[in-house]
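Enquirer: Right, I'll just put the structure down here and ask away after.
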Amino acid sequence: MSLPKTHSLTFTNDGAEFAANLSPCVWMYNTRLQYSVALKAFPHGTAIVRHPSLGLEDATEADALALCSGVRSKPCPRCGKPAFDPATVATNRGGLCEACFLDDLNAELEEAQRRERAADDRKDKAMRKKGYKWKVAVPIIVLSSEPFIYCVL
Ligand SMILES: [Zn+2]
């Protein structure tokens with residue numbers, strides 16, 4: 001028996017609803033059975049589950065449900081919203097809900113951008129001390145770490 005390429009299923013664990021969709025790589029690249037499992041409750045998020053040996057041609061509906069239904073949620077340790085339980089599925093969320101995980105990523109990005117702006121400001125100041133008065137941003141593909149051309153006009 002074989003599952004359809006568009007196979008999907010829903011299940012509930014501990015009151016949390018999940019939706020699982022067969023990953024296209026299974027039929028495109030003939031990989032072992034893989035599903036993208038999504039938390040239906042806000043802030044959502046998805047996790048991937050893989051079967052170690054079954055392929056699409058061998059798997060049944062019961063195999064797919066057995067594979068996916070091991071995924072559980074637990075409250076996010078920071079905000080209490082639903083999050084994937086890392087003990088039941090491999091994720092890089094560390095037990096955080098999608099919103100808290102994205103908040104951390106955004107904070108990391110903002111900090112990196114702040115450091116980059118500060119470095120640019122230091123470089124601008126140093127170049128002004130050398131007598132440069134203009135900085136031209138050139139809209140080209142940057143092949144080096146120096147995206148600006150300094151000019152004395
Ligand atoms: Zn959270």
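Chain labels follow the order of the structure tokens: the first chain is A, the next B, and so on; residue numbering restarts at 1 in every chain, and ligands are counted from 1 in their shown order.
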Name the residues, by chain letter and number, that sit within 12 Å of ligand 1 using only C-alpha atoms and all ligand atoms, and give them as a PDB file with N, CA and C atoms, in the first residue's frame.
Expert:
```pdb
ATOM      1  N   PHE A  42      -1.783  29.089  18.085  1.00  0.00           N
ATOM      2  CA  PHE A  42      -0.811  30.176  18.068  1.00  0.00           C
ATOM      3  C   PHE A  42       0.205  29.950  19.181  1.00  0.00           C
ATOM      4  N   PRO A  43       1.461  30.148  19.025  1.00  0.00           N
ATOM      5  CA  PRO A  43       2.151  30.763  17.886  1.00  0.00           C
ATOM      6  C   PRO A  43       2.656  29.770  16.841  1.00  0.00           C
ATOM      7  N   HIS A  44       1.976  28.667  16.688  1.00  0.00           N
ATOM      8  CA  HIS A  44       2.224  27.684  15.630  1.00  0.00           C
ATOM      9  C   HIS A  44       3.638  27.111  15.676  1.00  0.00           C
ATOM     10  N   GLY A  45       4.326  27.124  14.539  1.00  0.00           N
ATOM     11  CA  GLY A  45       5.638  26.500  14.433  1.00  0.00           C
ATOM     12  C   GLY A  45       5.511  25.114  13.836  1.00  0.00           C
ATOM     13  N   LYS A  74       4.382  21.223  24.965  1.00  0.00           N
ATOM     14  CA  LYS A  74       4.414  21.567  26.392  1.00  0.00           C
ATOM     15  C   LYS A  74       4.456  23.085  26.460  1.00  0.00           C
ATOM     16  N   PRO A  75       4.116  23.657  27.590  1.00  0.00           N
ATOM     17  CA  PRO A  75       4.115  25.116  27.678  1.00  0.00           C
ATOM     18  C   PRO A  75       5.534  25.675  27.536  1.00  0.00           C
ATOM     19  N   CYS A  76       5.624  26.767  26.812  1.00  0.00           N
ATOM     20  CA  CYS A  76       6.896  27.470  26.661  1.00  0.00           C
ATOM     21  C   CYS A  76       7.364  27.906  28.058  1.00  0.00           C
ATOM     22  N   PRO A  77       8.629  27.648  28.397  1.00  0.00           N
ATOM     23  CA  PRO A  77       9.093  28.007  29.744  1.00  0.00           C
ATOM     24  C   PRO A  77       9.120  29.516  29.986  1.00  0.00           C
ATOM     25  N   ARG A  78       9.084  30.299  28.915  1.00  0.00           N
ATOM     26  CA  ARG A  78       9.133  31.752  29.072  1.00  0.00           C
ATOM     27  C   ARG A  78       7.743  32.380  29.141  1.00  0.00           C
ATOM     28  N   CYS A  79       6.826  31.954  28.257  1.00  0.00           N
ATOM     29  CA  CYS A  79       5.525  32.637  28.191  1.00  0.00           C
ATOM     30  C   CYS A  79       4.332  31.721  28.429  1.00  0.00           C
ATOM     31  N   GLY A  80       4.543  30.419  28.416  1.00  0.00           N
ATOM     32  CA  GLY A  80       3.445  29.498  28.684  1.00  0.00           C
ATOM     33  C   GLY A  80       2.628  29.111  27.466  1.00  0.00           C
ATOM     34  N   LYS A  81       2.925  29.694  26.280  1.00  0.00           N
ATOM     35  CA  LYS A  81       2.192  29.313  25.069  1.00  0.00           C
ATOM     36  C   LYS A  81       2.673  27.937  24.611  1.00  0.00           C
ATOM     37  N   PRO A  82       1.898  27.268  23.744  1.00  0.00           N
ATOM     38  CA  PRO A  82       2.292  25.926  23.303  1.00  0.00           C
ATOM     39  C   PRO A  82       3.608  25.942  22.524  1.00  0.00           C
ATOM     40  N   ALA A  83       4.441  24.979  22.836  1.00  0.00           N
ATOM     41  CA  ALA A  83       5.729  24.808  22.157  1.00  0.00           C
ATOM     42  C   ALA A  83       5.958  23.325  21.955  1.00  0.00           C
ATOM     43  N   PHE A  84       6.805  22.967  20.990  1.00  0.00           N
ATOM     44  CA  PHE A  84       7.134  21.558  20.799  1.00  0.00           C
ATOM     45  C   PHE A  84       7.945  21.070  21.986  1.00  0.00           C
ATOM     46  N   ARG A  93      14.444  24.815  18.651  1.00  0.00           N
ATOM     47  CA  ARG A  93      13.741  25.830  19.445  1.00  0.00           C
ATOM     48  C   ARG A  93      14.070  25.740  20.931  1.00  0.00           C
ATOM     49  N   GLY A  94      14.693  24.672  21.343  1.00  0.00           N
ATOM     50  CA  GLY A  94      15.080  24.515  22.745  1.00  0.00           C
ATOM     51  C   GLY A  94      13.900  24.557  23.703  1.00  0.00           C
ATOM     52  N   GLY A  95      12.738  24.138  23.259  1.00  0.00           N
ATOM     53  CA  GLY A  95      11.571  24.119  24.124  1.00  0.00           C
ATOM     54  C   GLY A  95      10.783  25.418  24.115  1.00  0.00           C
ATOM     55  N   LEU A  96      11.328  26.452  23.459  1.00  0.00           N
ATOM     56  CA  LEU A  96      10.606  27.734  23.397  1.00  0.00           C
ATOM     57  C   LEU A  96       9.504  27.655  22.354  1.00  0.00           C
ATOM     58  N   CYS A  97       8.467  28.471  22.534  1.00  0.00           N
ATOM     59  CA  CYS A  97       7.423  28.570  21.518  1.00  0.00           C
ATOM     60  C   CYS A  97       7.995  29.351  20.330  1.00  0.00           C
ATOM     61  N   GLU A  98       7.273  29.316  19.209  1.00  0.00           N
ATOM     62  CA  GLU A  98       7.757  29.974  17.998  1.00  0.00           C
ATOM     63  C   GLU A  98       7.932  31.484  18.221  1.00  0.00           C
ATOM     64  N   ALA A  99       7.013  32.103  18.940  1.00  0.00           N
ATOM     65  CA  ALA A  99       7.086  33.557  19.170  1.00  0.00           C
ATOM     66  C   ALA A  99       8.326  33.930  19.983  1.00  0.00           C
ATOM     67  N   CYS A 100       8.596  33.194  21.050  1.00  0.00           N
ATOM     68  CA  CYS A 100       9.777  33.491  21.877  1.00  0.00           C
ATOM     69  C   CYS A 100      11.054  33.193  21.109  1.00  0.00           C
ATOM     70  N   PHE A 101      11.051  32.104  20.316  1.00  0.00           N
ATOM     71  CA  PHE A 101      12.230  31.770  19.506  1.00  0.00           C
ATOM     72  C   PHE A 101      12.512  32.903  18.518  1.00  0.00           C
ATOM     73  N   LEU A 102      11.457  33.385  17.847  1.00  0.00           N
ATOM     74  CA  LEU A 102      11.638  34.469  16.877  1.00  0.00           C
ATOM     75  C   LEU A 102      12.026  35.771  17.567  1.00  0.00           C
ATOM     76  N   ASP A 103      11.485  36.019  18.760  1.00  0.00           N
ATOM     77  CA  ASP A 103      11.895  37.210  19.526  1.00  0.00           C
ATOM     78  C   ASP A 103      13.391  37.177  19.794  1.00  0.00           C
ATOM     79  N   ASP A 104      13.901  35.996  20.176  1.00  0.00           N
ATOM     80  CA  ASP A 104      15.338  35.857  20.433  1.00  0.00           C
ATOM     81  C   ASP A 104      16.144  36.091  19.161  1.00  0.00           C
TER      82      ASP A 104
END
```
Enquirer: Would you kindly return, as a list in words, each protein, DNA or RNA residue with an atom no farther than 10 Å from any atom of region 87-90 of chain A, considering only C-alpha atoms and excluding same-chain residues fewer than 5 positions away?
Expert: Val37, Ala47, Ile48, Val49, Arg50, Cys68, Ser69, Gly70, Val71, Arg72, Ser73 and Gly95 of chain A
Enquirer: Output N, CA and C atoms for every residue in that selection, as a PDB file, in the first residue's frame.
Expert:
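Okay, this is what ended up in again_39.pdb:
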```pdb
ATOM      1  N   VAL A  37       5.272  18.595  10.868  1.00  0.00           N
ATOM      2  CA  VAL A  37       4.193  18.607  11.865  1.00  0.00           C
ATOM      3  C   VAL A  37       4.058  20.027  12.397  1.00  0.00           C
ATOM      4  N   ALA A  47       7.763  21.275  13.032  1.00  0.00           N
ATOM      5  CA  ALA A  47       8.901  20.401  13.325  1.00  0.00           C
ATOM      6  C   ALA A  47       8.838  19.242  12.333  1.00  0.00           C
ATOM      7  N   ILE A  48       9.969  18.636  12.115  1.00  0.00           N
ATOM      8  CA  ILE A  48      10.063  17.553  11.131  1.00  0.00           C
ATOM      9  C   ILE A  48      10.245  16.214  11.852  1.00  0.00           C
ATOM     10  N   VAL A  49       9.489  15.218  11.407  1.00  0.00           N
ATOM     11  CA  VAL A  49       9.687  13.853  11.914  1.00  0.00           C
ATOM     12  C   VAL A  49      10.037  12.949  10.727  1.00  0.00           C
ATOM     13  N   ARG A  50      10.940  12.025  10.970  1.00  0.00           N
ATOM     14  CA  ARG A  50      11.388  11.115   9.901  1.00  0.00           C
ATOM     15  C   ARG A  50      11.312   9.676  10.390  1.00  0.00           C
ATOM     16  N   CYS A  68       3.936  10.396  13.440  1.00  0.00           N
ATOM     17  CA  CYS A  68       3.655  11.798  13.788  1.00  0.00           C
ATOM     18  C   CYS A  68       3.103  11.957  15.209  1.00  0.00           C
ATOM     19  N   SER A  69       2.318  11.012  15.655  1.00  0.00           N
ATOM     20  CA  SER A  69       1.609  11.211  16.916  1.00  0.00           C
ATOM     21  C   SER A  69       2.521  11.137  18.142  1.00  0.00           C
ATOM     22  N   GLY A  70       3.784  10.825  17.936  1.00  0.00           N
ATOM     23  CA  GLY A  70       4.728  10.885  19.055  1.00  0.00           C
ATOM     24  C   GLY A  70       5.107  12.309  19.416  1.00  0.00           C
ATOM     25  N   VAL A  71       4.794  13.250  18.529  1.00  0.00           N
ATOM     26  CA  VAL A  71       5.124  14.663  18.774  1.00  0.00           C
ATOM     27  C   VAL A  71       4.155  15.229  19.805  1.00  0.00           C
ATOM     28  N   ARG A  72       4.711  15.868  20.798  1.00  0.00           N
ATOM     29  CA  ARG A  72       3.882  16.461  21.859  1.00  0.00           C
ATOM     30  C   ARG A  72       4.271  17.914  22.060  1.00  0.00           C
ATOM     31  N   SER A  73       3.385  18.627  22.710  1.00  0.00           N
ATOM     32  CA  SER A  73       3.693  20.017  23.047  1.00  0.00           C
ATOM     33  C   SER A  73       3.772  20.145  24.556  1.00  0.00           C
ATOM     34  N   GLY A  95      12.738  24.138  23.259  1.00  0.00           N
ATOM     35  CA  GLY A  95      11.571  24.119  24.124  1.00  0.00           C
ATOM     36  C   GLY A  95      10.783  25.418  24.115  1.00  0.00           C
TER      37      GLY A  95
END
```
Enquirer: DSSP on the backbone: which residues in chain A end up as helix (DSSP H, G or I)? Give the answer as a ChimeraX atom specification.
Expert: /A:25-28,61-68,98-129
Enquirer: Once you have the residues from the selection above, write them out as a compact mmCIF listing (two decimals), in the first residue's frame, restricted to C-alpha atoms.
Expert:
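In the end it all went to part_0.txt:
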```txt
# COMPACT_ATOMS: atom_id res chain seq x y z
CA CYS A 25 11.27 15.31 -0.58
CA VAL A 26 9.76 11.89 0.13
CA TRP A 27 8.40 11.51 -3.40
CA MET A 28 10.75 13.96 -5.16
CA GLU A 61 -1.91 5.52 7.18
CA ALA A 62 -1.27 3.81 10.55
CA ASP A 63 2.52 4.09 10.05
CA ALA A 64 2.18 7.82 9.32
CA LEU A 65 0.00 8.37 12.38
CA ALA A 66 2.37 6.35 14.59
CA LEU A 67 5.32 8.41 13.33
CA CYS A 68 3.66 11.80 13.79
CA GLU A 98 7.76 29.97 18.00
CA ALA A 99 7.09 33.56 19.17
CA CYS A 100 9.78 33.49 21.88
CA PHE A 101 12.23 31.77 19.51
CA LEU A 102 11.64 34.47 16.88
CA ASP A 103 11.89 37.21 19.53
CA ASP A 104 15.34 35.86 20.43
CA LEU A 105 16.37 35.75 16.77
CA ASN A 106 15.16 39.31 16.21
CA ALA A 107 17.00 40.51 19.33
CA GLU A 108 20.16 38.78 18.07
CA LEU A 109 19.75 40.42 14.66
CA GLU A 110 19.14 43.87 16.16
CA GLU A 111 22.25 43.52 18.33
CA ALA A 112 24.34 42.44 15.31
CA GLN A 113 22.98 45.40 13.30
CA ARG A 114 23.70 47.77 16.20
CA ARG A 115 27.31 46.51 16.39
CA GLU A 116 27.66 46.88 12.60
CA ARG A 117 26.34 50.46 12.68
CA ALA A 118 28.70 51.30 15.55
CA ALA A 119 31.64 49.86 13.57
CA ASP A 120 30.56 51.90 10.51
CA ASP A 121 30.34 55.03 12.66
CA ARG A 122 33.86 54.43 14.04
CA LYS A 123 35.20 53.91 10.51
CA ASP A 124 33.42 57.04 9.25
CA LYS A 125 34.89 59.07 12.08
CA ALA A 126 38.39 57.73 11.39
CA MET A 127 38.05 58.51 7.69
CA ARG A 128 36.80 62.06 8.46
CA LYS A 129 39.91 62.55 10.59
```
Enquirer: At a cut-off of 9 Å, using only C-alpha atoms, what residues contact region 21-23 of chain A? Leave out same-chain residues fewer than 5 positions from it and give the result as a PDB file with N, CA and C atoms, in the first residue's frame.
Expert:
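Final output, around-v8.pdb:
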```
ATOM      1  N   PRO A   4      -0.686   8.746  -0.648  1.00  0.00           N
ATOM      2  CA  PRO A   4      -0.653   9.739  -1.732  1.00  0.00           C
ATOM      3  C   PRO A   4       0.415  10.801  -1.466  1.00  0.00           C
ATOM      4  N   LYS A   5       0.889  11.444  -2.537  1.00  0.00           N
ATOM      5  CA  LYS A   5       1.925  12.477  -2.415  1.00  0.00           C
ATOM      6  C   LYS A   5       1.467  13.660  -1.587  1.00  0.00           C
ATOM      7  N   THR A   6       0.180  13.864  -1.520  1.00  0.00           N
ATOM      8  CA  THR A   6      -0.371  15.005  -0.768  1.00  0.00           C
ATOM      9  C   THR A   6      -0.884  14.578   0.599  1.00  0.00           C
ATOM     10  N   HIS A   7      -0.370  13.468   1.088  1.00  0.00           N
ATOM     11  CA  HIS A   7      -0.911  12.929   2.336  1.00  0.00           C
ATOM     12  C   HIS A   7      -0.772  13.909   3.505  1.00  0.00           C
ATOM     13  N   SER A   8      -1.824  14.034   4.263  1.00  0.00           N
ATOM     14  CA  SER A   8      -1.798  14.854   5.477  1.00  0.00           C
ATOM     15  C   SER A   8      -2.689  14.203   6.512  1.00  0.00           C
ATOM     16  N   LEU A   9      -2.463  14.557   7.746  1.00  0.00           N
ATOM     17  CA  LEU A   9      -3.295  14.026   8.824  1.00  0.00           C
ATOM     18  C   LEU A   9      -3.288  15.012   9.979  1.00  0.00           C
ATOM     19  N   THR A  10      -4.252  14.879  10.837  1.00  0.00           N
ATOM     20  CA  THR A  10      -4.301  15.695  12.048  1.00  0.00           C
ATOM     21  C   THR A  10      -4.387  14.745  13.236  1.00  0.00           C
ATOM     22  N   LEU A  33      10.152   8.171   4.899  1.00  0.00           N
ATOM     23  CA  LEU A  33       8.947   8.903   5.240  1.00  0.00           C
ATOM     24  C   LEU A  33       9.271  10.106   6.123  1.00  0.00           C
ATOM     25  N   GLN A  34       8.806  11.293   5.745  1.00  0.00           N
ATOM     26  CA  GLN A  34       9.069  12.519   6.501  1.00  0.00           C
ATOM     27  C   GLN A  34       7.823  13.400   6.469  1.00  0.00           C
ATOM     28  N   TYR A  35       7.488  13.925   7.629  1.00  0.00           N
ATOM     29  CA  TYR A  35       6.324  14.815   7.733  1.00  0.00           C
ATOM     30  C   TYR A  35       6.731  16.118   8.406  1.00  0.00           C
ATOM     31  N   SER A  36       6.099  17.185   7.973  1.00  0.00           N
ATOM     32  CA  SER A  36       6.207  18.469   8.643  1.00  0.00           C
ATOM     33  C   SER A  36       5.002  18.555   9.573  1.00  0.00           C
ATOM     34  N   VAL A  37       5.272  18.595  10.868  1.00  0.00           N
ATOM     35  CA  VAL A  37       4.193  18.607  11.865  1.00  0.00           C
ATOM     36  C   VAL A  37       4.058  20.027  12.397  1.00  0.00           C
ATOM     37  N   ALA A  38       2.856  20.569  12.314  1.00  0.00           N
ATOM     38  CA  ALA A  38       2.614  21.945  12.749  1.00  0.00           C
ATOM     39  C   ALA A  38       1.698  21.975  13.956  1.00  0.00           C
ATOM     40  N   ILE A  48       9.969  18.636  12.115  1.00  0.00           N
ATOM     41  CA  ILE A  48      10.063  17.553  11.131  1.00  0.00           C
ATOM     42  C   ILE A  48      10.245  16.214  11.852  1.00  0.00           C
ATOM     43  N   ALA A  64       2.051   6.359   9.307  1.00  0.00           N
ATOM     44  CA  ALA A  64       2.181   7.822   9.322  1.00  0.00           C
ATOM     45  C   ALA A  64       1.678   8.381  10.654  1.00  0.00           C
TER      46      ALA A  64
END
```
Enquirer: Work out how far apart CA of Leu54 (chain A) and CA of Leu39 (chain A) are and give it in Å to one decimal.
Expert: 24.0 Å
Enquirer: DSSP on the backbone: what in region 5-75 of chain A comes out strand (DSSP E or B), as a VMD selection string?
Expert: chain A and resid 8 to 13 16 to 22 34 to 39 46 to 50 73 to 75
Enquirer: Mind giving me the straight-line distance from CA of Asp58 (chain A) to CA of Arg32 (chain A) in Å, one decimal?
Expert: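 Result for CA of Asp58 (chain A) versus CA of Arg32 (chain A): 9.8 Å, one decimal.
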Enquirer: Which residue out of A:Asp85, A:Ser53, A:Tyr29, A:Thr46 has the minimum interatomic distance to Asn13 (chain A) when only C-alpha atoms are used?
Expert: A:Asp85
